[in-house]
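**Q** Got data-v5.pdb for you, PDB, C-alpha atoms:
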```pdb
MODEL        1
ATOM      1  CA  MET A   1     144.952  93.971  94.054  1.00  0.00           C
ATOM      2  CA  ASN A   2     141.319  93.008  93.753  1.00  0.00           C
ATOM      3  CA  ALA A   3     138.842  94.592  91.354  1.00  0.00           C
ATOM      4  CA  LYS A   4     137.133  96.718  94.002  1.00  0.00           C
ATOM      5  CA  VAL A   5     140.362  98.392  95.113  1.00  0.00           C
ATOM      6  CA  LEU A   6     141.482  98.976  91.524  1.00  0.00           C
ATOM      7  CA  LYS A   7     138.133 100.543  90.639  1.00  0.00           C
ATOM      8  CA  SER A   8     138.402 102.827  93.675  1.00  0.00           C
ATOM      9  CA  LYS A   9     141.953 103.927  92.750  1.00  0.00           C
ATOM     10  CA  ILE A  10     140.889 104.803  89.217  1.00  0.00           C
ATOM     11  CA  ALA A  11     137.804 106.670  90.448  1.00  0.00           C
ATOM     12  CA  ASN A  12     139.910 108.697  92.921  1.00  0.00           C
ATOM     13  CA  ARG A  13     142.420 109.650  90.195  1.00  0.00           C
ATOM     14  CA  LEU A  14     139.580 110.779  87.930  1.00  0.00           C
ATOM     15  CA  LYS A  15     138.193 112.947  90.743  1.00  0.00           C
ATOM     16  CA  ARG A  16     141.600 114.571  91.181  1.00  0.00           C
ATOM     17  CA  LYS A  17     141.860 115.013  87.409  1.00  0.00           C
ATOM     18  CA  ARG A  18     138.511 116.837  87.212  1.00  0.00           C
ATOM     19  CA  ARG A  19     139.456 119.059  90.146  1.00  0.00           C
ATOM     20  CA  ILE A  20     142.771 120.006  88.490  1.00  0.00           C
ATOM     21  CA  ARG A  21     141.220 120.572  85.053  1.00  0.00           C
ATOM     22  CA  ALA A  22     138.682 122.990  86.519  1.00  0.00           C
ATOM     23  CA  LYS A  23     141.566 125.310  87.429  1.00  0.00           C
ATOM     24  CA  ILE A  24     143.886 125.130  84.397  1.00  0.00           C
ATOM     25  CA  HIS A  25     143.354 126.011  80.754  1.00  0.00           C
ATOM     26  CA  GLY A  26     145.672 125.976  77.746  1.00  0.00           C
ATOM     27  CA  SER A  27     145.890 128.335  74.783  1.00  0.00           C
ATOM     28  CA  ALA A  28     147.950 128.544  71.600  1.00  0.00           C
ATOM     29  CA  THR A  29     150.620 130.697  73.271  1.00  0.00           C
ATOM     30  CA  LEU A  30     150.458 128.896  76.640  1.00  0.00           C
ATOM     31  CA  PRO A  31     149.465 125.262  75.941  1.00  0.00           C
ATOM     32  CA  ARG A  32     148.446 122.710  78.536  1.00  0.00           C
ATOM     33  CA  VAL A  33     150.874 119.771  78.638  1.00  0.00           C
ATOM     34  CA  SER A  34     149.016 116.653  79.705  1.00  0.00           C
ATOM     35  CA  VAL A  35     150.865 113.526  80.853  1.00  0.00           C
ATOM     36  CA  PHE A  36     149.340 110.031  80.853  1.00  0.00           C
ATOM     37  CA  LYS A  37     151.181 107.270  82.661  1.00  0.00           C
ATOM     38  CA  SER A  38     150.506 103.553  82.312  1.00  0.00           C
ATOM     39  CA  ASN A  39     152.560 100.702  83.736  1.00  0.00           C
ATOM     40  CA  ARG A  40     154.553 100.426  80.510  1.00  0.00           C
ATOM     41  CA  TYR A  41     154.458 103.760  78.711  1.00  0.00           C
ATOM     42  CA  LEU A  42     154.176 107.534  79.033  1.00  0.00           C
ATOM     43  CA  SER A  43     152.212 109.718  76.668  1.00  0.00           C
ATOM     44  CA  VAL A  44     152.551 113.501  76.527  1.00  0.00           C
ATOM     45  CA  GLN A  45     150.735 116.123  74.486  1.00  0.00           C
ATOM     46  CA  ALA A  46     150.575 119.912  74.311  1.00  0.00           C
ATOM     47  CA  ILE A  47     146.956 121.005  73.956  1.00  0.00           C
ATOM     48  CA  ASP A  48     145.311 124.272  72.910  1.00  0.00           C
ATOM     49  CA  ASP A  49     141.995 124.135  74.792  1.00  0.00           C
ATOM     50  CA  ALA A  50     140.542 127.163  72.983  1.00  0.00           C
ATOM     51  CA  THR A  51     140.435 125.303  69.666  1.00  0.00           C
ATOM     52  CA  ALA A  52     140.606 121.754  71.123  1.00  0.00           C
ATOM     53  CA  THR A  53     143.699 120.846  69.097  1.00  0.00           C
ATOM     54  CA  THR A  54     146.897 119.021  69.911  1.00  0.00           C
ATOM     55  CA  LEU A  55     149.929 121.156  69.089  1.00  0.00           C
ATOM     56  CA  CYS A  56     152.510 118.395  69.540  1.00  0.00           C
ATOM     57  CA  ALA A  57     152.553 114.945  71.083  1.00  0.00           C
ATOM     58  CA  LEU A  58     155.049 112.246  72.000  1.00  0.00           C
ATOM     59  CA  HIS A  59     154.696 108.643  73.162  1.00  0.00           C
ATOM     60  CA  SER A  60     157.409 106.659  74.901  1.00  0.00           C
ATOM     61  CA  LYS A  61     156.659 103.595  72.765  1.00  0.00           C
ATOM     62  CA  ALA A  62     157.683 105.514  69.643  1.00  0.00           C
ATOM     63  CA  THR A  63     160.881 106.795  71.246  1.00  0.00           C
ATOM     64  CA  GLY A  64     161.779 103.495  72.923  1.00  0.00           C
ATOM     65  CA  HIS A  65     161.668 104.700  76.545  1.00  0.00           C
ATOM     66  CA  LYS A  66     160.116 102.942  79.517  1.00  0.00           C
ATOM     67  CA  ALA A  67     157.763 104.382  82.150  1.00  0.00           C
ATOM     68  CA  ASN A  68     160.466 104.826  84.789  1.00  0.00           C
ATOM     69  CA  LYS A  69     162.344 107.905  85.999  1.00  0.00           C
ATOM     70  CA  GLU A  70     165.141 107.584  83.443  1.00  0.00           C
ATOM     71  CA  GLY A  71     162.680 107.082  80.595  1.00  0.00           C
ATOM     72  CA  ALA A  72     160.571 110.000  81.779  1.00  0.00           C
ATOM     73  CA  ALA A  73     163.623 112.264  81.903  1.00  0.00           C
ATOM     74  CA  ALA A  74     164.640 111.255  78.372  1.00  0.00           C
ATOM     75  CA  LEU A  75     161.064 111.741  77.142  1.00  0.00           C
ATOM     76  CA  GLY A  76     161.014 115.174  78.813  1.00  0.00           C
ATOM     77  CA  GLU A  77     164.156 116.218  76.955  1.00  0.00           C
ATOM     78  CA  ALA A  78     162.748 115.004  73.628  1.00  0.00           C
ATOM     79  CA  PHE A  79     159.411 116.715  74.262  1.00  0.00           C
ATOM     80  CA  ALA A  80     161.135 119.969  75.230  1.00  0.00           C
ATOM     81  CA  ALA A  81     163.002 119.886  71.921  1.00  0.00           C
ATOM     82  CA  LYS A  82     159.696 119.344  70.116  1.00  0.00           C
ATOM     83  CA  LEU A  83     158.144 122.283  71.980  1.00  0.00           C
ATOM     84  CA  LYS A  84     161.080 124.508  71.019  1.00  0.00           C
ATOM     85  CA  GLU A  85     160.572 123.559  67.359  1.00  0.00           C
ATOM     86  CA  ALA A  86     156.971 124.737  67.702  1.00  0.00           C
ATOM     87  CA  ASN A  87     158.222 128.034  69.255  1.00  0.00           C
ATOM     88  CA  ILE A  88     156.677 127.274  72.661  1.00  0.00           C
ATOM     89  CA  SER A  89     158.734 128.371  75.660  1.00  0.00           C
ATOM     90  CA  GLU A  90     156.095 128.408  78.407  1.00  0.00           C
ATOM     91  CA  ILE A  91     153.456 125.794  79.295  1.00  0.00           C
ATOM     92  CA  VAL A  92     150.792 124.921  81.847  1.00  0.00           C
ATOM     93  CA  PHE A  93     151.574 121.488  83.331  1.00  0.00           C
ATOM     94  CA  ASP A  94     148.638 119.074  83.723  1.00  0.00           C
ATOM     95  CA  ARG A  95     149.706 116.144  85.865  1.00  0.00           C
ATOM     96  CA  ASN A  96     146.399 114.428  85.016  1.00  0.00           C
ATOM     97  CA  GLY A  97     145.512 113.427  88.579  1.00  0.00           C
ATOM     98  CA  TYR A  98     148.873 111.806  89.346  1.00  0.00           C
ATOM     99  CA  GLN A  99     151.028 112.928  92.260  1.00  0.00           C
ATOM    100  CA  TYR A 100     153.911 115.204  91.316  1.00  0.00           C
ATOM    101  CA  HIS A 101     156.359 112.556  92.456  1.00  0.00           C
ATOM    102  CA  GLY A 102     158.601 109.946  90.872  1.00  0.00           C
ATOM    103  CA  VAL A 103     158.042 109.548  87.130  1.00  0.00           C
ATOM    104  CA  ILE A 104     155.859 112.660  86.756  1.00  0.00           C
ATOM    105  CA  ALA A 105     158.370 114.788  88.690  1.00  0.00           C
ATOM    106  CA  ALA A 106     161.267 113.421  86.608  1.00  0.00           C
ATOM    107  CA  PHE A 107     159.415 114.417  83.440  1.00  0.00           C
ATOM    108  CA  GLY A 108     158.640 117.893  84.797  1.00  0.00           C
ATOM    109  CA  ASP A 109     162.207 118.451  85.950  1.00  0.00           C
ATOM    110  CA  ALA A 110     163.558 117.425  82.541  1.00  0.00           C
ATOM    111  CA  ILE A 111     161.287 119.915  80.825  1.00  0.00           C
ATOM    112  CA  ARG A 112     162.390 122.682  83.222  1.00  0.00           C
ATOM    113  CA  ALA A 113     166.036 121.772  82.691  1.00  0.00           C
ATOM    114  CA  ASN A 114     165.554 122.339  78.952  1.00  0.00           C
ATOM    115  CA  GLU A 115     164.355 125.928  79.483  1.00  0.00           C
ATOM    116  CA  ILE A 116     160.611 125.399  79.232  1.00  0.00           C
ATOM    117  CA  LYS A 117     158.823 127.365  81.960  1.00  0.00           C
ATOM    118  CA  PHE A 118     155.750 126.261  83.896  1.00  0.00           C
TER     119      PHE A 118
ENDMDL
END
```
Let me see the file written as structure tokens.

**A**
Amino acid sequence: MNAKVLKSKIANRLKRKRRIRAKIHGSATLPRVSVFKSNRYLSVQAIDDATATTLCALHSKATGHKANKEGAAALGEAFAAKLKEANISEIVFDRNGYQYHGVIAAFGDAIRANEIKF
């Protein structure tokens, strides 16, 4: 992939991200869960946009998972447990400009399977 194509892909994802973020907002009782996906790792955080604070966060490097479907599902289970510890049972899911498919969908399904609503 040459530099021009890569730059275009990143710019298109950022456009989608801005469009999504204009419509969703997190609060202390209903936090926004943002997912970042790189080629190697996944990073997830629950954000209260009213006070601009992170309520809880998890990185796949710290838990030893990879950025594939199995790793995303395991990270989703661990993050759901962390959300339950913080007494959060409902979230707003921010896919961060990525398609709800593959790794992102596996993460979302794992969170839903652990009784976190979105």

**Q** Taking into account all atoms listed in the file, which residue in the set A:Asn68, A:Asn12, A:Thr51, A:Asn114 is nearest to A:Gly102?

**A** A:Asn68

**Q** When you look at A:Lys117 with a cut-off of 12 Å (counting all atoms listed in the file), what residues show up, excluding the ones that are within fewer than 6 positions of it in the same chain? I need them as a list in words.

**A** Leu30, Pro31, Arg32, Val33, Ala80, Leu83, Lys84, Ile88, Ser89, Glu90, Ile91, Val92, Phe93, Gly108, Asp109, Ala110 and Ile111 of chain A

**Q** Using all atoms listed in the file, which residue out of A:Lys82, A:Lys4, A:Lys23, A:His101 lies closest to A:Val44?

**A** A:Lys82

**Q** Hey, which of A:Asn96, A:Asn87, A:Ser27, A:Ser38 ends up closest to A:Thr54? Count only C-alpha atoms.

**A**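 Selected residue with least distance to A:Thr54: A:Ser27.
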
**Q** What separation in Å, quoted to one decimal, exists between atom CA of A:Gly64 and atom CA of A:Ile104?

**A** 17.6 Å

**Q** Output, as lines of an AutoDock Vina configuration file, the centre and edge lengths in Å (one decimal) of the axis-aligned box that contains all listed atoms of stretch 50-62 of chain A with 8 Å of margin on each side.

**A**
```
center_x = 149.1
center_y = 115.4
center_z = 72.0
size_x = 33.2
size_y = 39.6
size_z = 21.8
```

**Q** Once the PyMOL selection byres ((chain A and resi 66) around 12) has been applied to the shown file, what residues remain in the selection, as JSON, numbers by chain?

**A** {"A": [37, 38, 39, 40, 41, 42, 43, 59, 60, 61, 62, 63, 64, 65, 67, 68, 69, 70, 71, 72, 73, 74, 75, 103]}

**Q** With C-alpha atoms retained, export the selected residues as an mmCIF file, in the coordinates of the input.

**A**
```
data_model
loop_
_atom_site.group_PDB
_atom_site.id
_atom_site.type_symbol
_atom_site.label_atom_id
_atom_site.label_comp_id
_atom_site.auth_asym_id
_atom_site.auth_seq_id
_atom_site.Cartn_x
_atom_site.Cartn_y
_atom_site.Cartn_z
ATOM 1 C CA LYS A 37 151.181 107.270 82.661
ATOM 2 C CA SER A 38 150.506 103.553 82.312
ATOM 3 C CA ASN A 39 152.560 100.702 83.736
ATOM 4 C CA ARG A 40 154.553 100.426 80.510
ATOM 5 C CA TYR A 41 154.458 103.760 78.711
ATOM 6 C CA LEU A 42 154.176 107.534 79.033
ATOM 7 C CA SER A 43 152.212 109.718 76.668
ATOM 8 C CA HIS A 59 154.696 108.643 73.162
ATOM 9 C CA SER A 60 157.409 106.659 74.901
ATOM 10 C CA LYS A 61 156.659 103.595 72.765
ATOM 11 C CA ALA A 62 157.683 105.514 69.643
ATOM 12 C CA THR A 63 160.881 106.795 71.246
ATOM 13 C CA GLY A 64 161.779 103.495 72.923
ATOM 14 C CA HIS A 65 161.668 104.700 76.545
ATOM 15 C CA ALA A 67 157.763 104.382 82.150
ATOM 16 C CA ASN A 68 160.466 104.826 84.789
ATOM 17 C CA LYS A 69 162.344 107.905 85.999
ATOM 18 C CA GLU A 70 165.141 107.584 83.443
ATOM 19 C CA GLY A 71 162.680 107.082 80.595
ATOM 20 C CA ALA A 72 160.571 110.000 81.779
ATOM 21 C CA ALA A 73 163.623 112.264 81.903
ATOM 22 C CA ALA A 74 164.640 111.255 78.372
ATOM 23 C CA LEU A 75 161.064 111.741 77.142
ATOM 24 C CA VAL A 103 158.042 109.548 87.130
#
```

**Q** I'd like the contact shell of A:Ile10 - 12 Å cut-off, all atoms listed in the file, skipping same-chain residues fewer than 5 positions apart - returned as a ChimeraX atom specification.

**A** /A:3-5,15-17,38,96-98

**Q** So the first atom is atom CA of A:Ala113 and the second is atom CA of A:Arg21; what is the distance between them in Å, to one decimal place?

**A**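 According to the coordinates, atom CA of A:Ala113 and atom CA of A:Arg21 are separated by 25.0 Å.
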
**Q** For atom CA of A:Ala106 and atom CA of A:Ala50, determine how far apart the two atoms are, in Å to one decimal place.

**A**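 Interatomic distance, atom CA of A:Ala106 to atom CA of A:Ala50: 28.4 Å.
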
**Q** Between A:Asn2, A:Ser8, A:Thr29, A:Ser34, which residue has the minimum interatomic distance to A:Ala86, considering all atoms listed in the file?

**A** A:Thr29

**Q** Hey, what comes out of the PyMOL selection byres ((chain A and resi 56) around 7) on this file? Could you write it as an mmCIF file with C-alpha atoms, keeping the file's coordinate frame?

**A**
```
data_model
loop_
_atom_site.group_PDB
_atom_site.id
_atom_site.type_symbol
_atom_site.label_atom_id
_atom_site.label_comp_id
_atom_site.auth_asym_id
_atom_site.auth_seq_id
_atom_site.Cartn_x
_atom_site.Cartn_y
_atom_site.Cartn_z
ATOM 1 C CA GLN A 45 150.735 116.123 74.486
ATOM 2 C CA ALA A 46 150.575 119.912 74.311
ATOM 3 C CA THR A 54 146.897 119.021 69.911
ATOM 4 C CA LEU A 55 149.929 121.156 69.089
ATOM 5 C CA ALA A 57 152.553 114.945 71.083
#
```

**Q** In the coordinates of the file, take the point (141.4, 125.4, 74.2) and a cut-off of 8 Å; then, counting all atoms listed in the file, name each qualifying protein, DNA or RNA residue as a PyMOL selection string.

**A** chain A and resi 25-28+47-53
